[in-house]
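K.L.:
Provided herewith is a single structure, encoded as structure tokens, for subsequent inquiry.
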Amino acid sequence: MKILLIYPYCLEERIHEEDAGVVPMGLYYIGAVLKEIGYDTKILNFHGAGQHPDKIRDILTAEDPDVIGFSVLNANRWGALDIARTAKKINPLVHIVFGGVGAAFLWEHFLQHFPETDYMVIGEGEYVFPDLLHCLENRKNPESVAGIAFRRSGRIVRTASPPPIADLDSLPNPAKYFTYRHISLTRGCPADCSFCGSPKFWGRKVRFHSADYFLEQMERLYHKGITFFYVSDDTFTLKKSLVIEICRKIMKKKLPVSWAAISRADCVDAEILKWMRLAGCSQISYGVESGSAAMRNLLNKHLREEDIQKAFELTASYGILPRAYFIYGCPGETRETVGESMALVEKIRPLGCIFYILDVFPGTALYEKFKKKFGISDDVWLQRIEDILWFTYDPELKQEDVLAFGKGLREHFYQHLPDFTEKISLVEDRELYPCHADFLSKLGMTFTHGDYAAAESIPDKEKTAEKLYRRALTYYPDHRAFLGLAMICQKRRDFAGSVPLLQEGIRYFPHSEELHLCLGISLMNQQKFSGALAYFMKFENSPRMAPYIAQCRGM
């Protein structure tokens, strides 16, 4: 049998494509299991293909699969249905299987209303999906397969749930077969946030991979060219000893990787943060949700403000960028509660912030409350929508107010961000000096060439970047800092000022094409063409240097 595993497209463009456009880890695990037992399996990322139905049709026709498995989220469920419908038109005999959180929480809805769906995998699919394939291949009754739902003689059948996979290391390593940058250590989260589907999907008992499994995955992917990873666990730092073991092994193997993780404000301390930074962690995202204790309690986010403050201060002090997630537009949200969030932003001084309007998703405690409060059923998802914003049903929340809350929060963060960078207090630890320089220069680059460069609400971006670059060089020679400072000088037409910076940078980084190019350009602007040519010629075979070499020779 030929199997396609597809990540479908969403209805709407995403603000944060780095999150939404990524194939979920579950597909890679399932793909690895299938390949391990001999199935012809291919994973297709159709995230951005919604505007190209002809291309989708051509790919499905060319691949001619026997079974298509879809990784379904709430936001991409219509994409999955559209693609499934197309596949059935091409080959009415193809089997369509939905899995993921969308199938887990809306399995009955899909089977009741959408005839193009055949089977739902409810929960972990690594062993359930192959069992289902075996039944299909051998024309056996699928009722023997635990963890699925399907139609039989006009009625919907759901089989018993299988136990969770006890030993995660027993799963084949997906990095043997696929290339990706999102990796995970755990399944499950002990918290019970009312807006999150993790407690119901994974359960609140956390299961862990071993450090060796995690490291093998990272190392395999590194050798395939991946040098930056997103560690996508709900709370990566739950087991401190395990995280430190991983960090020690990354350092022992001298893997030159960097990575970002997610944690809780009450699950980090100085020791674990130091190990994470030395092992390449550059960012930790924390779910703060609100500055209002009342709003946090409503969302079942039980964090003390002092723990939040401590986590952000400690994280920044070890040269790790602390990023905050906030939610607004909750039941009972007011200007006062939003003001409390603004006040907390000033206290914790995050260096990254993402603000979300409260969404309501199946599988969450909030969704059950929403259905009961407003008399809604799962039929609400028959609308061609991705999600539901709580405020659209709540008469006590006006749209203009909620949108103003979000705008106010973002502008407040942006306006204070330069001041937050000024107040970064780094720990005095010589072992961390190279990390400090890297952290400061990377942060500086975001103001001149990264995410913050285009944000009009941020004042003094170039000045902020310059201060960060200069501070970076007080800790350690840093390539990015030399280059960033020189480019600021060039932008100001201060070519004479850029030359000594670049010359010093080249002393530390003699093989840097970027520094040589930048220095040559500065010398050209001073009419020093022979000197510029000498730097360009160090990389005479580079296409980037060719036009400058020709120009210098022509002078």
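In the structure tokens, the first chain shown is A, the next is B, and so on; residue numbers restart at 1 for each chain, and ligands run from 1 in the order shown.
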Using only C-alpha atoms, which protein or nucleic acid residues come within 10 Å of Asn525 in chain A? Drop anything in the same chain fewer than 4 positions from it, and give the result as a list in words.
P.N.:
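Here the answer would be Gln490, Arg493, Asp494, Phe495, Ala496, Leu519, Gly520, Ile521, Phe529 and Ala532 of chain A.
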K.L.:
Please provide the set of residues having any atom within 7 Å of range 413-422 of chain A, restricted to only C-alpha atoms, with same-chain residues fewer than 5 positions apart removed, written as a PyMOL selection string.
P.N.:
chain A and resi 345+349+351+457-459+464
K.L.:
Just checking: using only C-alpha atoms, which residue out of A:Val157, A:Ala404, A:Leu299, A:Ile354 ends up closest to Arg335 in chain A?
P.N.:
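Answer, going by the shortest atom-to-atom distance: A:Ala404.
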K.L.:
Excluding same-chain residues fewer than 2 positions from Gly69 in chain A, what lies within 9 Å of it counting only C-alpha atoms, as a PyMOL selection string?
P.N.:
chain A and resi 3-7+27+67+71+95-99+129
K.L.:
If we count only C-alpha atoms and set the cut-off at 10 Å, which residues sit around range 389-402 of chain A, ignoring sequence neighbours fewer than 2 positions away in its own chain? Please answer as a ChimeraX atom specification.
P.N.:
/A:328-335,338,357-361,366-367,370,373-374,386-387,404-408
K.L.:
Mind writing the picked residues with C-alpha atoms as a tab-separated table (two decimals), in the first residue's frame?
P.N.:
chain	number	residue	atom	x	y	z
A	328	TYR	CA	-6.72	39.25	26.13
A	329	GLY	CA	-10.44	39.43	25.42
A	330	CYS	CA	-11.28	36.98	28.23
A	331	PRO	CA	-14.67	36.87	30.00
A	332	GLY	CA	-14.76	39.88	32.31
A	333	GLU	CA	-11.83	41.66	30.59
A	334	THR	CA	-11.83	45.41	31.23
A	335	ARG	CA	-9.53	48.37	30.74
A	338	VAL	CA	-5.62	45.11	30.55
A	357	ILE	CA	-7.24	37.26	21.54
A	358	LEU	CA	-8.87	34.45	23.53
A	359	ASP	CA	-9.80	31.63	21.13
A	360	VAL	CA	-12.22	28.84	21.93
A	361	PHE	CA	-11.19	25.38	20.73
A	366	LEU	CA	-13.20	26.71	28.10
A	367	TYR	CA	-15.03	25.22	25.11
A	370	PHE	CA	-18.65	28.27	26.08
A	373	LYS	CA	-23.13	29.44	28.41
A	374	PHE	CA	-24.21	30.29	24.85
A	386	GLU	CA	-10.93	28.42	11.76
A	387	ASP	CA	-11.79	29.31	15.32
A	404	ALA	CA	-8.27	48.46	21.32
A	405	PHE	CA	-6.99	46.24	24.16
A	406	GLY	CA	-4.74	44.38	21.75
A	407	LYS	CA	-3.46	47.49	20.04
A	408	GLY	CA	-2.75	49.12	23.40
K.L.:
Please report the interatomic distance between CA of Val231 in chain A and CA of Ile308 in chain A in Å with one decimal.
P.N.:
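Straight-line distance from CA of Val231 in chain A to CA of Ile308 in chain A works out to 20.8 Å.
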K.L.:
With a distance cut-off of 10 Å and only C-alpha atoms, select the neighbouring residues of Leu432 in chain A, excluding the residue or stretch itself and same-chain residues fewer than 2 positions from it, and output the selection as a PyMOL selection string.
P.N.:
chain A and resi 274+277-278+318-319+426-430+434-438+475-476
K.L.:
Store the residues of this selection in a file with C-alpha atoms, as a PDB file, in the first residue's frame.
P.N.:
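Saved result, selection23.pdb, follows:
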ATOM      1  CA  LYS A 274      22.954  28.299  32.983  1.00  0.00           C
ATOM      2  CA  ARG A 277      22.428  28.657  27.822  1.00  0.00           C
ATOM      3  CA  LEU A 278      25.783  26.909  27.640  1.00  0.00           C
ATOM      4  CA  TYR A 318      21.718  34.212  31.634  1.00  0.00           C
ATOM      5  CA  GLY A 319      21.581  35.627  28.122  1.00  0.00           C
ATOM      6  CA  LEU A 426      23.734  39.799  32.946  1.00  0.00           C
ATOM      7  CA  VAL A 427      25.336  37.473  35.483  1.00  0.00           C
ATOM      8  CA  GLU A 428      29.058  37.932  36.055  1.00  0.00           C
ATOM      9  CA  ASP A 429      30.328  34.552  34.935  1.00  0.00           C
ATOM     10  CA  ARG A 430      33.299  34.434  32.545  1.00  0.00           C
ATOM     11  CA  PRO A 434      30.752  34.463  24.763  1.00  0.00           C
ATOM     12  CA  CYS A 435      27.051  33.638  25.281  1.00  0.00           C
ATOM     13  CA  HIS A 436      26.393  37.159  26.585  1.00  0.00           C
ATOM     14  CA  ALA A 437      28.022  38.693  23.509  1.00  0.00           C
ATOM     15  CA  ASP A 438      26.005  36.435  21.214  1.00  0.00           C
ATOM     16  CA  TYR A 475      32.110  40.685  26.762  1.00  0.00           C
ATOM     17  CA  TYR A 476      33.666  38.887  23.814  1.00  0.00           C
TER      18      TYR A 476
END
K.L.:
What's the separation between CA of Ile348 in chain A and CA of Ala481 in chain A, in Å to one decimal place?
P.N.:
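So the answer is 26.0 Å.
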K.L.:
Env of Glu124 in chain A: 9 Å cut, atoms = only C-alpha atoms, seq-sep filter 5 positions within chain, self excluded. Answer as a list in words.
P.N.:
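Contacts, with the query itself left out: Gly26, Gly99, Gly100, Phe129, Gly147, Pro162, Pro164, Ile165, Phe201 and Trp202 of chain A.
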K.L.:
Excluding Ala166 in chain A and residues on its chain fewer than 4 positions from it, collect all residues at most 12 Å away from it, counting only C-alpha atoms, and give them as a PyMOL selection string.
P.N.:
chain A and resi 124+162+170-171+186-187+205-209
